[in-house]
Amino acid sequence: MINKELGIVGYLDDNNDYKDLQENLEDFVNFIPVENCNTLNDIKKWLIQNNVECLVVDHKLVNKYEFAGTDVIAFLNKSMPDLPCIIITSYKDDSIAENLVIDLLIKDRDDLPGEDLKFTEFGNTLIQACKIFRKRLEQRKQEFQELYLKKQNGNINVDDEENLQQSYKILKEYGEVDDIPTTLLTSEITNKIDELLKLANNCISLERKENE
């Protein structure tokens, strides 16, 4: 049962041994297992559909997946860069050695309860992660709205336009914006540059044929 007052944290592991962790964190966050996913894209879709605000991933996923937890985070960082991701593992050195996730985001499973054998520190970390995600998403939506207004008013520069398109792609991944025709996000300047690049490529191709 989802507690609407708490953040939503997804948990990806290659087995069903999550009940103890879920129970220890129930006062901090909604800790829900990733289910019915086989590929990296499946996992990303599941996260979006379940409004996940933070993802906790086990490093060793070999019993179910063809990739490791660090591979999952590296994949998600490309299209969902605002989503906080944390590795928990009994093999911390192995995770660090892959150089895909920074040391601070890799937690040793045995250290999670803390010295008092409670999950207070880890639970508070997850609470903060969820708050960070909401803040990042709100800022990205605000930035998108401001840049889109610039675009509509015709006073957007090339750098702003690139940021507009990037923010749109990310917000679309999160399901936060509707489909917008590419032409509404692309300025006349960019269109002219594209036309010039195509013309240049055509000229190069023609010159190569003449020299053959």
# chains A, B, ... in the order shown; residues from 1 in each chain; ligands from 1

$ select_by_dssp --residues "stretch 43-106 of chain A" --states "alpha helix (DSSP H)" --output "PyMOL selection string"
chain A and resi 43-49+69-79+92-97

$ residues_around --residues "stretch 140-154 of chain A" --least-positions-apart "2" --cutoff "7 Å" --atoms "only C-alpha atoms" --output "MDAnalysis selection string"
chainID A and resid 136:138 156 160 164 167:168

$ residues_around --residues "A:Leu76" --least-positions-apart "6" --cutoff "12 Å" --atoms "only C-alpha atoms" --output "mmCIF file with N, CA, C and O atoms, in the first residue's frame"
data_model
loop_
_atom_site.group_PDB
_atom_site.id
_atom_site.type_symbol
_atom_site.label_atom_id
_atom_site.label_comp_id
_atom_site.auth_asym_id
_atom_site.auth_seq_id
_atom_site.Cartn_x
_atom_site.Cartn_y
_atom_site.Cartn_z
ATOM 1 N N LEU A 40 16.940 -2.914 -20.052
ATOM 2 C CA LEU A 40 17.169 -1.583 -19.488
ATOM 3 C C LEU A 40 16.015 -0.645 -19.817
ATOM 4 O O LEU A 40 15.587 0.148 -18.977
ATOM 5 N N ASN A 41 15.499 -0.744 -21.028
ATOM 6 C CA ASN A 41 14.358 0.090 -21.410
ATOM 7 C C ASN A 41 13.112 -0.265 -20.615
ATOM 8 O O ASN A 41 12.315 0.615 -20.265
ATOM 9 N N ASP A 42 12.926 -1.551 -20.332
ATOM 10 C CA ASP A 42 11.800 -1.984 -19.496
ATOM 11 C C ASP A 42 11.872 -1.328 -18.121
ATOM 12 O O ASP A 42 10.865 -0.859 -17.581
ATOM 13 N N ILE A 43 13.073 -1.306 -17.571
ATOM 14 C CA ILE A 43 13.272 -0.718 -16.241
ATOM 15 C C ILE A 43 12.955 0.773 -16.268
ATOM 16 O O ILE A 43 12.271 1.298 -15.384
ATOM 17 N N LYS A 44 13.429 1.455 -17.298
ATOM 18 C CA LYS A 44 13.166 2.894 -17.406
ATOM 19 C C LYS A 44 11.665 3.170 -17.502
ATOM 20 O O LYS A 44 11.145 4.064 -16.815
ATOM 21 N N LYS A 45 10.961 2.401 -18.311
ATOM 22 C CA LYS A 45 9.508 2.581 -18.442
ATOM 23 C C LYS A 45 8.803 2.324 -17.118
ATOM 24 O O LYS A 45 7.865 3.042 -16.749
ATOM 25 N N LEU A 47 10.008 2.695 -14.085
ATOM 26 C CA LEU A 47 10.287 3.814 -13.186
ATOM 27 C C LEU A 47 9.365 4.993 -13.455
ATOM 28 O O LEU A 47 8.831 5.616 -12.527
ATOM 29 N N ILE A 48 9.163 5.295 -14.732
ATOM 30 C CA ILE A 48 8.299 6.413 -15.115
ATOM 31 C C ILE A 48 6.849 6.118 -14.764
ATOM 32 O O ILE A 48 6.146 6.968 -14.206
ATOM 33 N N CYS A 54 13.583 7.929 -6.714
ATOM 34 C CA CYS A 54 14.941 7.492 -6.413
ATOM 35 C C CYS A 54 14.997 6.003 -6.704
ATOM 36 O O CYS A 54 14.008 5.299 -6.504
ATOM 37 N N LEU A 55 16.154 5.536 -7.177
ATOM 38 C CA LEU A 55 16.301 4.109 -7.470
ATOM 39 C C LEU A 55 17.466 3.541 -6.673
ATOM 40 O O LEU A 55 18.573 4.075 -6.704
ATOM 41 N N VAL A 57 19.716 0.150 -6.388
ATOM 42 C CA VAL A 57 20.050 -0.984 -7.257
ATOM 43 C C VAL A 57 21.087 -1.880 -6.585
ATOM 44 O O VAL A 57 22.087 -1.399 -6.059
ATOM 45 N N GLY A 69 24.305 -3.662 -11.766
ATOM 46 C CA GLY A 69 23.624 -2.470 -11.273
ATOM 47 C C GLY A 69 24.265 -1.180 -11.758
ATOM 48 O O GLY A 69 23.584 -0.198 -12.044
ATOM 49 N N THR A 70 25.582 -1.177 -11.862
ATOM 50 C CA THR A 70 26.283 0.008 -12.353
ATOM 51 C C THR A 70 25.924 0.303 -13.802
ATOM 52 O O THR A 70 25.881 1.462 -14.218
ATOM 53 N N ASP A 82 18.169 13.483 -13.778
ATOM 54 C CA ASP A 82 17.742 14.069 -12.508
ATOM 55 C C ASP A 82 17.394 13.012 -11.461
ATOM 56 O O ASP A 82 17.195 13.337 -10.290
ATOM 57 N N LEU A 83 17.299 11.748 -11.865
ATOM 58 C CA LEU A 83 16.884 10.686 -10.957
ATOM 59 C C LEU A 83 18.059 10.217 -10.091
ATOM 60 O O LEU A 83 19.026 9.675 -10.609
ATOM 61 N N PRO A 84 17.990 10.389 -8.765
ATOM 62 C CA PRO A 84 19.060 9.896 -7.902
ATOM 63 C C PRO A 84 19.087 8.363 -7.905
ATOM 64 O O PRO A 84 18.049 7.714 -7.788
ATOM 65 N N CYS A 85 20.268 7.795 -8.045
ATOM 66 C CA CYS A 85 20.426 6.343 -8.063
ATOM 67 C C CYS A 85 21.521 5.944 -7.078
ATOM 68 O O CYS A 85 22.569 6.594 -7.013
ATOM 69 N N ILE A 86 21.269 4.883 -6.334
ATOM 70 C CA ILE A 86 22.199 4.415 -5.307
ATOM 71 C C ILE A 86 22.441 2.918 -5.480
ATOM 72 O O ILE A 86 21.498 2.152 -5.686
ATOM 73 N N LEU A 100 31.758 3.473 -12.989
ATOM 74 C CA LEU A 100 30.511 3.931 -13.607
ATOM 75 C C LEU A 100 29.644 4.708 -12.625
ATOM 76 O O LEU A 100 28.761 5.469 -13.032
ATOM 77 N N VAL A 101 29.887 4.516 -11.331
ATOM 78 C CA VAL A 101 29.137 5.200 -10.280
ATOM 79 C C VAL A 101 30.131 5.693 -9.236
ATOM 80 O O VAL A 101 31.037 4.951 -8.834
ATOM 81 N N ILE A 170 14.088 15.304 -21.822
ATOM 82 C CA ILE A 170 14.110 14.741 -20.472
ATOM 83 C C ILE A 170 12.722 14.761 -19.852
ATOM 84 O O ILE A 170 12.264 13.765 -19.279
ATOM 85 N N GLU A 173 10.591 12.120 -21.242
ATOM 86 C CA GLU A 173 10.901 10.814 -20.657
ATOM 87 C C GLU A 173 10.152 10.629 -19.341
ATOM 88 O O GLU A 173 9.656 9.548 -19.031
ATOM 89 N N TYR A 174 10.062 11.702 -18.564
ATOM 90 C CA TYR A 174 9.375 11.642 -17.276
ATOM 91 C C TYR A 174 7.864 11.707 -17.409
ATOM 92 O O TYR A 174 7.142 11.571 -16.426
#

$ residues_around --residues "A:Leu21" --least-positions-apart "4" --cutoff "10 Å" --atoms "only C-alpha atoms" --output "mmCIF file with N, CA and C atoms, in the first residue's frame"
data_model
loop_
_atom_site.group_PDB
_atom_site.id
_atom_site.type_symbol
_atom_site.label_atom_id
_atom_site.label_comp_id
_atom_site.auth_asym_id
_atom_site.auth_seq_id
_atom_site.Cartn_x
_atom_site.Cartn_y
_atom_site.Cartn_z
ATOM 1 N N TYR A 11 13.354 -0.390 -6.103
ATOM 2 C CA TYR A 11 14.447 -1.282 -5.708
ATOM 3 C C TYR A 11 14.624 -2.368 -6.756
ATOM 4 N N ASP A 17 14.375 -11.149 -2.296
ATOM 5 C CA ASP A 17 14.786 -10.974 -0.907
ATOM 6 C C ASP A 17 14.860 -9.477 -0.569
ATOM 7 N N LEU A 25 12.366 0.295 6.149
ATOM 8 C CA LEU A 25 12.318 1.639 5.561
ATOM 9 C C LEU A 25 10.896 2.177 5.416
ATOM 10 N N GLU A 26 9.907 1.444 5.900
ATOM 11 C CA GLU A 26 8.514 1.811 5.662
ATOM 12 C C GLU A 26 8.115 3.136 6.307
ATOM 13 N N PHE A 31 9.071 1.844 -0.449
ATOM 14 C CA PHE A 31 10.168 1.063 -1.026
ATOM 15 C C PHE A 31 9.561 -0.078 -1.827
ATOM 16 N N LEU A 112 24.280 -0.566 6.175
ATOM 17 C CA LEU A 112 23.017 0.169 6.110
ATOM 18 C C LEU A 112 22.321 0.334 7.461
ATOM 19 N N PRO A 113 22.322 -0.684 8.327
ATOM 20 C CA PRO A 113 21.640 -0.492 9.612
ATOM 21 C C PRO A 113 22.317 0.539 10.517
ATOM 22 N N PHE A 119 17.928 1.672 10.564
ATOM 23 C CA PHE A 119 18.106 2.155 9.203
ATOM 24 C C PHE A 119 17.841 3.657 9.087
#

$ select_by_dssp --residues "chain A" --states "strand (DSSP E)" --output "PyMOL selection string"
chain A and resi 8-12+30-33+54-58+85-89+106-108

$ closest_residue --among "A:Glu35, A:Asp27, A:Asp13, A:Glu53" --to "A:Cys130" --atoms "only C-alpha atoms"
A:Glu53

$ residues_around --residues "A:Asn50" --least-positions-apart "5" --cutoff "10 Å" --atoms "only C-alpha atoms" --output "ChimeraX atom specification"
/A:8-10,32,34,45

$ closest_residue --among "A:Leu6, A:Ile102, A:Val72, A:Val56" --to "A:Thr89" --atoms "only C-alpha atoms"
A:Val56

$ closest_residue --among "A:Asn77, A:Gln22, A:Lys169, A:Asn16" --to "A:Leu61" --atoms "only C-alpha atoms"
A:Asn16

$ residues_around --residues "A:Gln128" --least-positions-apart "4" --cutoff "10 Å" --atoms "only C-alpha atoms" --output "number ranges by chain"
A: 7, 54, 84, 122-124, 132-134

$ closest_residue --among "A:Pro81, A:Phe28, A:Asp159, A:Glu23" --to "A:Glu5" --atoms "only C-alpha atoms"
A:Phe28
